[in-house]
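The structure under discussion appears below in the form of structure tokens.
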Amino acid sequence: MEENREKDAVQETSLEEAFAQLEQIINTMEQDELPLEDAFSLYEQGLKKLKLCNEKLDLVEKKMQVLGNNGELMEFE
């Protein structure tokens, strides 16, 4: 049940929001006095956000492809 809520939250996150969250994670990790356990937790969160960004970018890339007059898939230009 928790996993479903997590997936719904991921799907509702826009690419811009995901990048902003990733940037916030990076900024927090750059702090000098961050405990190792917190740094590791943030690292895991960052990897999840990065994966989300990659998935969303792949989706946008697929949407940018168009079907040509002869039914062939072409890149959007």
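Each chain in the structure tokens gets a letter, A, B and so on, in the order shown; residues start at 1 in every chain, and ligands are counted from 1 in the order they appear.
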Just want the 10 Å neighbourhood of Lys56 in chain A, counted on only C-alpha atoms, with same-chain residues fewer than 2 positions away dropped. Output as a list in words.
Gln11, Thr13, Ser14, Leu15, Ala18, Leu50, Lys51, Leu52, Cys53, Asn54, Asp58, Leu59, Val60, Glu61 and Lys62 of chain A
Keeping only N, CA, C and O atoms, write the selected residues as a CSV table (one decimal), in the first residue's frame.
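Here's the written file out39.csv:
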```
chain,number,residue,atom,x,y,z
A,11,GLN,N,4.5,9.7,-10.2
A,11,GLN,CA,3.9,10.0,-11.4
A,11,GLN,C,3.3,11.4,-11.5
A,11,GLN,O,3.3,12.0,-12.5
A,13,THR,N,4.7,14.0,-10.0
A,13,THR,CA,5.8,15.0,-10.0
A,13,THR,C,6.2,15.4,-11.4
A,13,THR,O,6.5,14.5,-12.3
A,14,SER,N,6.3,16.7,-11.7
A,14,SER,CA,6.7,17.1,-13.0
A,14,SER,C,8.2,17.0,-13.1
A,14,SER,O,8.9,16.9,-12.1
A,15,LEU,N,8.7,17.1,-14.3
A,15,LEU,CA,10.1,17.1,-14.6
A,15,LEU,C,10.8,18.2,-13.9
A,15,LEU,O,11.9,18.1,-13.2
A,18,ALA,N,11.0,17.5,-10.2
A,18,ALA,CA,12.0,16.5,-9.9
A,18,ALA,C,13.4,17.1,-9.9
A,18,ALA,O,14.2,16.8,-9.1
A,50,LEU,N,16.9,11.0,-9.8
A,50,LEU,CA,17.6,10.9,-11.1
A,50,LEU,C,17.0,9.9,-12.0
A,50,LEU,O,16.8,10.2,-13.2
A,51,LYS,N,16.6,8.8,-11.5
A,51,LYS,CA,15.9,7.8,-12.3
A,51,LYS,C,14.5,8.3,-12.8
A,51,LYS,O,14.2,8.1,-13.9
A,52,LEU,N,13.8,9.0,-11.9
A,52,LEU,CA,12.6,9.6,-12.3
A,52,LEU,C,12.8,10.6,-13.4
A,52,LEU,O,12.0,10.6,-14.4
A,53,CYS,N,13.8,11.5,-13.3
A,53,CYS,CA,14.1,12.4,-14.4
A,53,CYS,C,14.4,11.7,-15.7
A,53,CYS,O,13.9,12.2,-16.7
A,54,ASN,N,15.2,10.7,-15.6
A,54,ASN,CA,15.5,9.9,-16.9
A,54,ASN,C,14.3,9.3,-17.5
A,54,ASN,O,14.1,9.4,-18.7
A,58,ASP,N,12.8,10.3,-21.1
A,58,ASP,CA,12.5,9.3,-22.1
A,58,ASP,C,11.1,9.4,-22.7
A,58,ASP,O,10.9,9.3,-23.9
A,59,LEU,N,10.2,9.6,-21.8
A,59,LEU,CA,8.8,9.8,-22.2
A,59,LEU,C,8.6,11.0,-23.1
A,59,LEU,O,7.9,10.9,-24.2
A,60,VAL,N,9.2,12.1,-22.8
A,60,VAL,CA,9.2,13.3,-23.6
A,60,VAL,C,9.8,13.0,-25.0
A,60,VAL,O,9.2,13.4,-26.0
A,61,GLU,N,10.9,12.3,-25.0
A,61,GLU,CA,11.6,12.0,-26.2
A,61,GLU,C,10.7,11.1,-27.1
A,61,GLU,O,10.6,11.3,-28.3
A,62,LYS,N,10.0,10.2,-26.5
A,62,LYS,CA,9.0,9.3,-27.3
A,62,LYS,C,7.9,10.1,-27.9
A,62,LYS,O,7.4,9.9,-29.0
```
Spatial neighbours of Met29 in chain A, max dist 10 Å, only C-alpha atoms, sep filter under 6 positions, as JSON, numbers by chain
{"A": [23, 35, 36, 38, 39, 40, 41, 42, 43, 46]}
Could you dump the residues just selected with C-alpha atoms as a PDB file, in the first residue's frame?
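For reference, result-v4.pdb as written:
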```pdb
ATOM      1  CA  GLU A  23      19.096  20.146  -6.796  1.00  0.00           C
ATOM      2  CA  PRO A  35      26.250  12.935   9.205  1.00  0.00           C
ATOM      3  CA  LEU A  36      27.201   9.926   7.103  1.00  0.00           C
ATOM      4  CA  ASP A  38      21.999  11.315   6.404  1.00  0.00           C
ATOM      5  CA  ALA A  39      24.322  11.624   3.426  1.00  0.00           C
ATOM      6  CA  PHE A  40      23.650   8.011   2.451  1.00  0.00           C
ATOM      7  CA  SER A  41      19.890   8.511   2.769  1.00  0.00           C
ATOM      8  CA  LEU A  42      20.069  11.633   0.616  1.00  0.00           C
ATOM      9  CA  TYR A  43      22.216   9.766  -1.904  1.00  0.00           C
ATOM     10  CA  GLY A  46      18.957  11.472  -5.254  1.00  0.00           C
TER      11      GLY A  46
END
```
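You will find CA of Glu16 in chain A at 21.4 Å from CA of Gln65 in chain A.
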